[in-house]
$ cat my_file_26.tsv   # TSV, C-alpha atoms
chain	number	residue	atom	x	y	z
A	1148	MET	CA	11.38	-17.29	-42.93
A	1149	ASN	CA	11.04	-15.54	-39.61
A	1150	MET	CA	14.38	-15.62	-37.75
A	1151	ARG	CA	12.57	-16.54	-34.54
A	1152	ASN	CA	11.60	-19.95	-36.09
A	1153	TRP	CA	15.19	-20.97	-37.00
A	1154	PRO	CA	16.06	-22.75	-33.70
A	1155	GLY	CA	13.11	-25.09	-34.16
A	1156	VAL	CA	14.03	-25.79	-37.79
A	1157	ILE	CA	17.68	-26.51	-36.88
A	1158	ALA	CA	16.68	-28.82	-34.03
A	1159	GLY	CA	14.30	-30.70	-36.31
A	1160	SER	CA	17.04	-31.14	-38.92
A	1161	ILE	CA	19.42	-32.59	-36.32
A	1162	VAL	CA	16.81	-35.09	-35.16
A	1163	VAL	CA	16.03	-36.16	-38.74
A	1164	GLY	CA	19.73	-36.54	-39.51
A	1165	ALA	CA	20.35	-38.68	-36.44
A	1166	LEU	CA	17.41	-40.95	-37.27
A	1167	ALA	CA	18.69	-41.38	-40.80
A	1168	ALA	CA	22.16	-42.33	-39.58
A	1169	ALA	CA	20.73	-44.85	-37.16
A	1170	PHE	CA	18.61	-46.33	-39.98
A	1171	VAL	CA	21.70	-46.80	-42.20
A	1172	LEU	CA	23.67	-48.48	-39.41
A	1173	THR	CA	20.92	-50.97	-38.64
A	1174	GLN	CA	20.13	-51.94	-42.27
A	1175	GLY	CA	23.47	-53.49	-43.27
A	1176	SER	CA	23.05	-57.15	-44.32
A	1177	VAL	CA	26.21	-58.30	-42.48
A	1178	GLY	CA	26.38	-55.48	-39.92
A	1179	GLN	CA	29.93	-54.36	-40.80
A	1180	VAL	CA	31.36	-50.92	-41.49
A	1181	PRO	CA	34.03	-51.28	-44.22
A	1182	ALA	CA	37.45	-50.12	-43.06
A	1183	SER	CA	38.02	-48.30	-46.37
A	1184	LYS	CA	35.14	-45.89	-45.66
A	1185	THR	CA	35.67	-45.20	-41.97
A	1186	GLY	CA	39.44	-44.98	-41.72
A	1187	LEU	CA	39.27	-47.41	-38.73
A	1188	ALA	CA	39.51	-51.14	-38.43
A	1189	ALA	CA	36.37	-52.94	-39.58
A	1190	VAL	CA	33.89	-53.26	-36.73
A	1191	THR	CA	31.05	-55.77	-36.57
A	1192	LEU	CA	27.80	-54.14	-35.52
A	1193	PRO	CA	25.04	-56.11	-33.74
A	1194	VAL	CA	21.65	-55.85	-35.42
A	1195	LYS	CA	19.61	-55.19	-32.26
A	1196	ASP	CA	22.05	-53.00	-30.33
A	1197	THR	CA	24.06	-50.49	-32.31
A	1198	ALA	CA	25.31	-48.36	-29.44
A	1199	PRO	CA	28.23	-50.59	-28.31
A	1200	ALA	CA	29.34	-51.00	-31.93
A	1201	VAL	CA	29.38	-47.26	-32.49
A	1202	GLN	CA	31.52	-46.86	-29.37
A	1203	GLN	CA	33.98	-49.39	-30.81
A	1204	ALA	CA	34.07	-47.57	-34.10
A	1205	ILE	CA	35.11	-44.30	-32.47
A	1206	ALA	CA	37.53	-45.88	-29.99
A	1207	PRO	CA	41.19	-44.82	-30.27
A	1208	ALA	CA	43.26	-46.80	-32.77
A	1209	PRO	CA	45.46	-49.57	-31.32
A	1210	VAL	CA	48.94	-48.53	-30.24
A	1211	ALA	CA	51.66	-49.64	-32.63
A	1212	PRO	CA	53.38	-52.92	-31.63
A	1213	GLY	CA	56.53	-52.40	-29.62
A	1214	SER	CA	55.60	-48.94	-28.41
A	1215	VAL	CA	54.28	-50.20	-25.06
A	1216	GLU	CA	56.33	-52.37	-22.72
A	1217	ALA	CA	54.83	-55.84	-22.27
A	1218	ALA	CA	53.41	-56.63	-18.85
A	1219	PRO	CA	55.42	-59.13	-16.77
A	1220	PRO	CA	54.16	-62.73	-16.66
A	1221	GLY	CA	51.43	-63.26	-14.08
A	1222	PRO	CA	50.96	-66.19	-11.72
A	1223	GLY	CA	50.98	-69.50	-13.57
A	1224	VAL	CA	52.70	-68.04	-16.66
A	1225	GLU	CA	55.91	-69.80	-17.53
A	1226	GLY	CA	59.01	-67.63	-17.39
A	1227	ILE	CA	62.64	-68.76	-17.48
A	1228	LYS	CA	62.90	-72.53	-17.87
A	1229	VAL	CA	65.86	-74.63	-16.76
A	1230	SER	CA	65.86	-78.24	-17.92
A	1231	GLY	CA	68.27	-81.15	-18.07
A	1232	HIS	CA	68.21	-83.45	-21.09
A	1233	TRP	CA	69.89	-86.78	-20.39
A	1234	THR	CA	71.26	-89.41	-22.73
A	1235	ILE	CA	72.45	-92.70	-21.23
A	1236	GLU	CA	74.13	-95.25	-23.48
A	1237	VAL	CA	75.21	-98.69	-22.27
A	1238	SER	CA	77.87	-100.47	-24.32
A	1239	GLU	CA	79.88	-103.66	-24.16
A	1240	PRO	CA	83.61	-103.32	-23.41
A	1241	ASP	CA	84.28	-103.66	-27.16
A	1242	GLY	CA	82.08	-100.64	-27.87
A	1243	GLN	CA	78.97	-102.44	-29.12
A	1244	LEU	CA	75.88	-100.44	-28.14
A	1245	VAL	CA	73.47	-102.32	-25.88
A	1246	SER	CA	70.86	-99.68	-25.01
A	1247	ARG	CA	70.17	-95.97	-25.25
A	1248	GLN	CA	67.69	-93.91	-23.25
A	1249	GLU	CA	66.88	-90.19	-23.34
A	1250	PHE	CA	64.78	-88.24	-20.84
A	1251	GLU	CA	64.30	-84.88	-19.16
A	1252	ASN	CA	64.78	-84.08	-15.51
A	1253	ALA	CA	63.80	-81.21	-13.25
A	1254	LEU	CA	65.60	-78.38	-11.49
A	1255	GLN	CA	65.47	-78.86	-7.72
A	1256	PRO	CA	65.07	-76.18	-5.00
A	1257	ALA	CA	68.75	-76.46	-4.08
A	1258	GLY	CA	69.52	-75.87	-7.74
A	1259	THR	CA	67.58	-72.61	-7.79
A	1260	GLU	CA	69.47	-71.54	-4.67
A	1261	SER	CA	72.78	-72.26	-6.40
A	1262	LEU	CA	71.78	-70.29	-9.49
A	1263	ALA	CA	70.71	-67.31	-7.39
A	1264	ALA	CA	73.96	-67.44	-5.39
A	1265	PHE	CA	76.09	-67.64	-8.55
A	1266	LEU	CA	74.26	-64.79	-10.32
A	1267	ALA	CA	74.43	-62.56	-7.24
A	1268	ARG	CA	78.18	-63.32	-6.89
A	1269	ASP	CA	77.55	-64.62	-3.40
A	1270	LYS	CA	79.10	-67.96	-4.46
A	1271	THR	CA	81.06	-69.30	-7.42
A	1272	PRO	CA	80.51	-72.74	-9.00
A	1273	GLY	CA	82.49	-75.65	-7.63
A	1274	PHE	CA	83.00	-79.07	-9.18
A	1275	TRP	CA	80.15	-80.86	-10.95
A	1276	VAL	CA	79.19	-84.46	-10.17
A	1277	ILE	CA	76.78	-86.92	-11.82
A	1278	ALA	CA	75.28	-89.69	-9.66
A	1279	LEU	CA	73.88	-92.93	-11.10
A	1280	GLY	CA	71.93	-94.92	-8.52
A	1281	GLY	CA	69.91	-98.12	-8.57
A	1282	LEU	CA	66.38	-98.81	-7.43
A	1283	PRO	CA	66.27	-100.20	-4.85
A	1284	THR	CA	69.55	-98.72	-3.67
A	1285	THR	CA	71.02	-102.21	-3.30
A	1286	SER	CA	70.77	-102.48	-7.10
A	1287	GLY	CA	73.36	-99.80	-7.79
A	1288	PRO	CA	75.85	-100.67	-10.55
A	1289	CYS	CA	78.97	-99.87	-8.48
A	1290	LEU	CA	80.60	-101.21	-5.31
A	1291	ASP	CA	82.12	-99.74	-2.17
A	1292	THR	CA	83.96	-102.33	-0.05
A	1293	GLY	CA	81.72	-104.99	-1.52
A	1294	THR	CA	78.44	-103.12	-0.95
A	1295	PRO	CA	76.27	-102.16	-3.98
A	1296	VAL	CA	76.23	-98.37	-4.32
A	1297	SER	CA	75.79	-95.61	-6.88
A	1298	CYS	CA	78.40	-94.74	-9.48
A	1299	PHE	CA	79.70	-91.16	-9.51
A	1300	LEU	CA	81.21	-89.20	-12.39
A	1301	GLY	CA	83.46	-86.37	-11.20
A	1302	GLU	CA	85.80	-83.83	-12.74
A	1303	ALA	CA	89.48	-84.70	-13.07
A	1304	ASN	CA	90.65	-82.38	-10.28
A	1305	ALA	CA	87.90	-83.23	-7.82
A	1306	THR	CA	88.92	-84.76	-4.51
A	1307	GLY	CA	87.94	-88.31	-3.62
A	1308	THR	CA	89.61	-91.65	-4.18
A	1309	GLN	CA	86.74	-94.11	-3.79
A	1310	VAL	CA	86.59	-96.82	-6.44
A	1311	ASN	CA	83.03	-95.88	-7.48
A	1312	LEU	CA	84.14	-92.34	-8.47
A	1313	PHE	CA	85.11	-92.02	-12.15
A	1314	LYS	CA	87.03	-88.78	-12.61
A	1315	ASN	CA	86.50	-88.18	-16.31
A	1316	LEU	CA	83.54	-85.78	-16.25
A	1317	SER	CA	83.89	-82.88	-18.70
A	1318	VAL	CA	82.03	-79.58	-18.37
A	1319	SER	CA	81.61	-77.34	-21.40
A	1320	LEU	CA	79.42	-74.69	-23.00
A	1321	ASN	CA	77.49	-76.20	-25.90
A	1322	GLY	CA	76.21	-73.34	-28.04
A	1323	THR	CA	75.16	-70.19	-26.20
A	1324	ASN	CA	72.72	-71.42	-23.56
A	1325	VAL	CA	73.53	-75.07	-22.83
A	1326	VAL	CA	75.92	-76.45	-20.20
A	1327	ARG	CA	77.02	-79.95	-21.20
A	1328	LEU	CA	78.22	-82.55	-18.70
A	1329	SER	CA	79.54	-85.82	-20.09
A	1330	GLY	CA	81.47	-88.80	-18.75
A	1331	THR	CA	81.65	-92.57	-18.53
A	1332	ALA	CA	81.43	-95.12	-15.72
A	1333	THR	CA	82.25	-98.83	-15.79
A	1334	ALA	CA	79.73	-101.11	-14.08
A	1335	GLN	CA	81.34	-102.98	-11.19
A	1336	ARG	CA	78.44	-105.39	-10.82
A	1337	ASN	CA	75.13	-106.37	-12.43
A	1338	GLY	CA	72.59	-103.71	-11.49
A	1339	ASN	CA	70.53	-100.85	-12.86
A	1340	VAL	CA	70.44	-97.09	-13.17
A	1341	ALA	CA	67.10	-95.75	-11.98
A	1342	MET	CA	67.90	-92.59	-9.98
A	1343	VAL	CA	70.09	-89.91	-11.52
A	1344	GLU	CA	71.33	-86.56	-10.25
A	1345	THR	CA	73.50	-83.63	-11.23
A	1346	ARG	CA	75.22	-81.87	-8.35
A	1347	VAL	CA	77.45	-78.81	-8.09
A	1348	GLY	CA	79.61	-77.33	-5.36
A	1349	ARG	CA	79.28	-73.80	-4.02
A	1350	CYS	CA	82.58	-72.04	-3.42
A	1351	VAL	CA	83.13	-68.81	-1.51
A	1352	ASN	CA	82.95	-65.84	-3.85
A	1353	THR	CA	86.70	-65.20	-3.62
A	1354	THR	CA	87.37	-68.48	-5.46
A	1355	ALA	CA	87.99	-68.05	-9.18
A	1356	PRO	CA	85.58	-70.05	-11.38
A	1357	VAL	CA	88.56	-71.58	-13.23
A	1358	SER	CA	89.84	-73.02	-9.94
A	1359	PRO	CA	86.82	-74.71	-8.34
A	1360	CYS	CA	86.94	-75.51	-4.66
A	1361	SER	CA	86.36	-78.95	-3.17
A	1362	SER	CA	83.27	-78.01	-1.20
A	1363	ALA	CA	80.43	-80.46	-0.73
A	1364	THR	CA	78.20	-80.64	-3.80
A	1365	GLN	CA	74.55	-79.60	-3.72
A	1366	LEU	CA	71.70	-81.23	-5.63
A	1367	PHE	CA	70.97	-79.40	-8.89
A	1368	THR	CA	68.66	-81.63	-10.98
A	1369	ASP	CA	67.36	-85.17	-10.50
A	1370	LYS	CA	65.08	-87.82	-11.95
A	1371	THR	CA	63.69	-91.25	-11.02
A	1372	LEU	CA	63.27	-93.31	-14.18
A	1373	ALA	CA	60.04	-95.16	-14.82
A	1374	THR	CA	62.06	-97.82	-16.65
A	1375	PRO	CA	65.47	-98.48	-15.08
A	1376	VAL	CA	68.49	-98.92	-17.34
A	1377	SER	CA	69.89	-102.46	-16.92
A	1378	VAL	CA	73.67	-102.71	-16.64
A	1379	LEU	CA	75.95	-105.77	-16.49
A	1380	LEU	CA	79.42	-106.15	-15.02
A	1381	ASN	CA	82.11	-104.31	-17.02
A	1382	GLN	CA	79.65	-102.61	-19.37
A	1383	GLN	CA	80.32	-98.94	-20.11
A	1384	VAL	CA	77.71	-96.36	-19.08
A	1385	ALA	CA	78.17	-93.15	-21.10
A	1386	VAL	CA	76.20	-90.17	-19.82
A	1387	THR	CA	75.55	-86.77	-21.41
A	1388	VAL	CA	73.49	-84.10	-19.66
A	1389	ASP	CA	72.55	-80.86	-21.42
A	1390	ILE	CA	71.34	-78.24	-18.95
A	1391	SER	CA	69.57	-75.54	-20.96
A	1392	PHE	CA	68.12	-72.14	-20.14
A	1393	ASN	CA	65.07	-70.96	-22.15
$ encode --input "my_file_26.tsv" --output "structure tokens"
Amino acid sequence: MNMRNWPGVIAGSIVVGALAAAFVLTQGSVGQVPASKTGLAAVTLPVKDTAPAVQQAIAPAPVAPGSVEAAPPGPGVEGIKVSGHWTIEVSEPDGQLVSRQEFENALQPAGTESLAAFLARDKTPGFWVIALGGLPTTSGPCLDTGTPVSCFLGEANATGTQVNLFKNLSVSLNGTNVVRLSGTATAQRNGNVAMVETRVGRCVNTTAPVSPCSSATQLFTDKTLATPVSVLLNQQVAVTVDISFN
């Protein structure tokens, strides 16, 4: 063959080869290139448009898991969650259980401020307090000079001498990520518990956490119950709050 005709022959061969390859790709009954023959992940090929599928087939292989740092959560994506799980048990003076109710409550803006201040060492935690209020407020299960009010559970060393403050609240670490608050109040009148709160003081950062200050407490979590807990005079109201971080 004359050497001058070779370019035309080569060009014709390339065209024929390309047409043959296109014919094979478009004739598959399910339109899939088996992974075992391509060395890539199986790719589904559309019958009427093979070009996008071919681009997928020659795309770089996925990066191995863990080799690329995950992107931070975007707007609306849940991140760190702080929740308070409450258990309220009402018992007769002899210990007989009357009622039990469990529910979740929500972290309040003042609570997020406290957490930020504690983590940044701008403040240290003060005393914790649990408040048990009635709805309406005149239905509270405790009394103050004869007026119906909320009952408060405070730590043993907290200041305050009012008769509606029960200083038996314990604060402990339950597991690795749960702060447990627990204590008991005695109903001083017939009433209900419908509004509950956890509160914590903010001490100056020179105060050691083991020696909380007596600063005013700030709202941490709260909840208004859809179904109030009924309480009668002298009944025991045992409260446990698990504040968890997930």
$ residues_around --input "my_file_26.tsv" --residues "segment 1346-1349 of chain A" --least-positions-apart "4" --cutoff "7 Å" --atoms "all atoms listed in the file" --output "list in words"
Lys1270, Thr1271, Pro1272, Gly1273, Phe1274, Trp1275, Val1276, Ile1277, Ser1362, Ala1363, Thr1364, Gln1365, Leu1366 and Phe1367 of chain A
$ residues_around --input "my_file_26.tsv" --residues "Asp1291 of chain A" --least-positions-apart "6" --cutoff "8 Å" --atoms "all atoms listed in the file" --output "number ranges by chain"
A: 1309-1311
$ residues_around --input "my_file_26.tsv" --residues "segment 1231-1246 of chain A" --least-positions-apart "2" --cutoff "9 Å" --atoms "only C-alpha atoms" --output "list in words"
Val1229, Gln1248, Glu1249, Phe1250, Glu1251, Asn1252, Ala1253, Leu1254, Thr1333, Thr1345, Thr1368, Asp1369, Val1376, Ser1377, Val1378, Leu1379, Asn1381, Gln1382, Gln1383, Val1384, Ala1385, Val1386, Thr1387, Val1388, Asp1389, Ile1390 and Ser1391 of chain A
$ atom_distance --input "my_file_26.tsv" --atom1 "atom CA of Leu1300 of chain A" --atom2 "atom CA of Ser1230 of chain A"
19.7 Å
$ atom_distance --input "my_file_26.tsv" --atom1 "atom CA of Ser1361 of chain A" --atom2 "atom CA of Thr1323 of chain A"
27.1 Å
$ atom_distance --input "my_file_26.tsv" --atom1 "atom CA of Phe1299 of chain A" --atom2 "atom CA of Val1357 of chain A"
21.8 Å
$ build_atoms --input "my_file_26.tsv" --residues "segment 1244-1269 of chain A" --atoms "N, CA, C and O atoms" --output "PDB file, in the frame of the given file"
ATOM      1  N   LEU A1244      76.965-101.083 -28.866  1.00  0.00           N
ATOM      2  CA  LEU A1244      75.880-100.440 -28.140  1.00  0.00           C
ATOM      3  C   LEU A1244      74.835-101.465 -27.708  1.00  0.00           C
ATOM      4  O   LEU A1244      74.363-102.267 -28.510  1.00  0.00           O
ATOM      5  N   VAL A1245      74.470-101.408 -26.428  1.00  0.00           N
ATOM      6  CA  VAL A1245      73.470-102.320 -25.880  1.00  0.00           C
ATOM      7  C   VAL A1245      72.121-101.630 -25.736  1.00  0.00           C
ATOM      8  O   VAL A1245      71.079-102.180 -26.093  1.00  0.00           O
ATOM      9  N   SER A1246      72.117-100.418 -25.200  1.00  0.00           N
ATOM     10  CA  SER A1246      70.860 -99.680 -25.010  1.00  0.00           C
ATOM     11  C   SER A1246      71.133 -98.181 -24.992  1.00  0.00           C
ATOM     12  O   SER A1246      72.267 -97.737 -24.747  1.00  0.00           O
ATOM     13  N   ARG A1247      70.084 -97.434 -25.260  1.00  0.00           N
ATOM     14  CA  ARG A1247      70.170 -95.970 -25.250  1.00  0.00           C
ATOM     15  C   ARG A1247      68.843 -95.432 -24.719  1.00  0.00           C
ATOM     16  O   ARG A1247      67.781 -95.879 -25.153  1.00  0.00           O
ATOM     17  N   GLN A1248      68.911 -94.502 -23.795  1.00  0.00           N
ATOM     18  CA  GLN A1248      67.690 -93.910 -23.250  1.00  0.00           C
ATOM     19  C   GLN A1248      67.876 -92.401 -23.088  1.00  0.00           C
ATOM     20  O   GLN A1248      68.946 -91.944 -22.633  1.00  0.00           O
ATOM     21  N   GLU A1249      66.862 -91.641 -23.483  1.00  0.00           N
ATOM     22  CA  GLU A1249      66.880 -90.190 -23.340  1.00  0.00           C
ATOM     23  C   GLU A1249      65.681 -89.752 -22.501  1.00  0.00           C
ATOM     24  O   GLU A1249      64.600 -90.337 -22.602  1.00  0.00           O
ATOM     25  N   PHE A1250      65.866 -88.736 -21.686  1.00  0.00           N
ATOM     26  CA  PHE A1250      64.780 -88.240 -20.840  1.00  0.00           C
ATOM     27  C   PHE A1250      65.130 -86.856 -20.320  1.00  0.00           C
ATOM     28  O   PHE A1250      66.272 -86.400 -20.429  1.00  0.00           O
ATOM     29  N   GLU A1251      64.124 -86.201 -19.764  1.00  0.00           N
ATOM     30  CA  GLU A1251      64.300 -84.880 -19.160  1.00  0.00           C
ATOM     31  C   GLU A1251      64.231 -85.006 -17.649  1.00  0.00           C
ATOM     32  O   GLU A1251      63.561 -85.882 -17.111  1.00  0.00           O
ATOM     33  N   ASN A1252      64.937 -84.125 -16.966  1.00  0.00           N
ATOM     34  CA  ASN A1252      64.780 -84.080 -15.510  1.00  0.00           C
ATOM     35  C   ASN A1252      64.463 -82.672 -15.060  1.00  0.00           C
ATOM     36  O   ASN A1252      64.338 -81.771 -15.894  1.00  0.00           O
ATOM     37  N   ALA A1253      64.308 -82.477 -13.750  1.00  0.00           N
ATOM     38  CA  ALA A1253      63.800 -81.210 -13.250  1.00  0.00           C
ATOM     39  C   ALA A1253      64.799 -80.522 -12.328  1.00  0.00           C
ATOM     40  O   ALA A1253      65.522 -81.164 -11.574  1.00  0.00           O
ATOM     41  N   LEU A1254      64.796 -79.192 -12.395  1.00  0.00           N
ATOM     42  CA  LEU A1254      65.600 -78.380 -11.490  1.00  0.00           C
ATOM     43  C   LEU A1254      65.023 -78.490 -10.082  1.00  0.00           C
ATOM     44  O   LEU A1254      63.814 -78.393  -9.882  1.00  0.00           O
ATOM     45  N   GLN A1255      65.887 -78.698  -9.107  1.00  0.00           N
ATOM     46  CA  GLN A1255      65.470 -78.860  -7.720  1.00  0.00           C
ATOM     47  C   GLN A1255      65.646 -77.564  -6.932  1.00  0.00           C
ATOM     48  O   GLN A1255      66.388 -76.668  -7.353  1.00  0.00           O
ATOM     49  N   PRO A1256      64.953 -77.414  -5.783  1.00  0.00           N
ATOM     50  CA  PRO A1256      65.070 -76.180  -5.000  1.00  0.00           C
ATOM     51  C   PRO A1256      66.512 -75.796  -4.681  1.00  0.00           C
ATOM     52  O   PRO A1256      66.885 -74.620  -4.751  1.00  0.00           O
ATOM     53  N   ALA A1257      67.344 -76.774  -4.345  1.00  0.00           N
ATOM     54  CA  ALA A1257      68.750 -76.460  -4.080  1.00  0.00           C
ATOM     55  C   ALA A1257      69.433 -75.927  -5.331  1.00  0.00           C
ATOM     56  O   ALA A1257      70.371 -75.118  -5.243  1.00  0.00           O
ATOM     57  N   GLY A1258      68.965 -76.377  -6.494  1.00  0.00           N
ATOM     58  CA  GLY A1258      69.520 -75.870  -7.740  1.00  0.00           C
ATOM     59  C   GLY A1258      69.187 -74.415  -7.976  1.00  0.00           C
ATOM     60  O   GLY A1258      70.021 -73.631  -8.447  1.00  0.00           O
ATOM     61  N   THR A1259      67.952 -74.022  -7.646  1.00  0.00           N
ATOM     62  CA  THR A1259      67.580 -72.610  -7.790  1.00  0.00           C
ATOM     63  C   THR A1259      68.387 -71.744  -6.827  1.00  0.00           C
ATOM     64  O   THR A1259      68.767 -70.616  -7.156  1.00  0.00           O
ATOM     65  N   GLU A1260      68.660 -72.276  -5.628  1.00  0.00           N
ATOM     66  CA  GLU A1260      69.470 -71.540  -4.670  1.00  0.00           C
ATOM     67  C   GLU A1260      70.891 -71.341  -5.200  1.00  0.00           C
ATOM     68  O   GLU A1260      71.478 -70.255  -5.052  1.00  0.00           O
ATOM     69  N   SER A1261      71.438 -72.377  -5.833  1.00  0.00           N
ATOM     70  CA  SER A1261      72.780 -72.260  -6.400  1.00  0.00           C
ATOM     71  C   SER A1261      72.815 -71.226  -7.512  1.00  0.00           C
ATOM     72  O   SER A1261      73.720 -70.382  -7.567  1.00  0.00           O
ATOM     73  N   LEU A1262      71.822 -71.261  -8.403  1.00  0.00           N
ATOM     74  CA  LEU A1262      71.780 -70.290  -9.490  1.00  0.00           C
ATOM     75  C   LEU A1262      71.713 -68.864  -8.963  1.00  0.00           C
ATOM     76  O   LEU A1262      72.420 -67.967  -9.432  1.00  0.00           O
ATOM     77  N   ALA A1263      70.847 -68.645  -7.967  1.00  0.00           N
ATOM     78  CA  ALA A1263      70.710 -67.310  -7.390  1.00  0.00           C
ATOM     79  C   ALA A1263      72.035 -66.865  -6.756  1.00  0.00           C
ATOM     80  O   ALA A1263      72.463 -65.712  -6.915  1.00  0.00           O
ATOM     81  N   ALA A1264      72.691 -67.776  -6.040  1.00  0.00           N
ATOM     82  CA  ALA A1264      73.960 -67.440  -5.390  1.00  0.00           C
ATOM     83  C   ALA A1264      75.049 -67.126  -6.409  1.00  0.00           C
ATOM     84  O   ALA A1264      75.845 -66.193  -6.230  1.00  0.00           O
ATOM     85  N   PHE A1265      75.087 -67.883  -7.516  1.00  0.00           N
ATOM     86  CA  PHE A1265      76.090 -67.640  -8.550  1.00  0.00           C
ATOM     87  C   PHE A1265      75.843 -66.306  -9.248  1.00  0.00           C
ATOM     88  O   PHE A1265      76.776 -65.529  -9.479  1.00  0.00           O
ATOM     89  N   LEU A1266      74.582 -66.024  -9.598  1.00  0.00           N
ATOM     90  CA  LEU A1266      74.260 -64.790 -10.320  1.00  0.00           C
ATOM     91  C   LEU A1266      74.464 -63.542  -9.457  1.00  0.00           C
ATOM     92  O   LEU A1266      74.800 -62.473  -9.969  1.00  0.00           O
ATOM     93  N   ALA A1267      74.249 -63.692  -8.153  1.00  0.00           N
ATOM     94  CA  ALA A1267      74.430 -62.560  -7.240  1.00  0.00           C
ATOM     95  C   ALA A1267      75.886 -62.416  -6.789  1.00  0.00           C
ATOM     96  O   ALA A1267      76.202 -61.532  -5.995  1.00  0.00           O
ATOM     97  N   ARG A1268      76.763 -63.296  -7.269  1.00  0.00           N
ATOM     98  CA  ARG A1268      78.180 -63.320  -6.890  1.00  0.00           C
ATOM     99  C   ARG A1268      78.380 -63.598  -5.402  1.00  0.00           C
ATOM    100  O   ARG A1268      79.415 -63.251  -4.828  1.00  0.00           O
ATOM    101  N   ASP A1269      77.391 -64.222  -4.791  1.00  0.00           N
ATOM    102  CA  ASP A1269      77.550 -64.620  -3.400  1.00  0.00           C
ATOM    103  C   ASP A1269      78.388 -65.897  -3.310  1.00  0.00           C
ATOM    104  O   ASP A1269      79.072 -66.134  -2.310  1.00  0.00           O
TER     105      ASP A1269
END
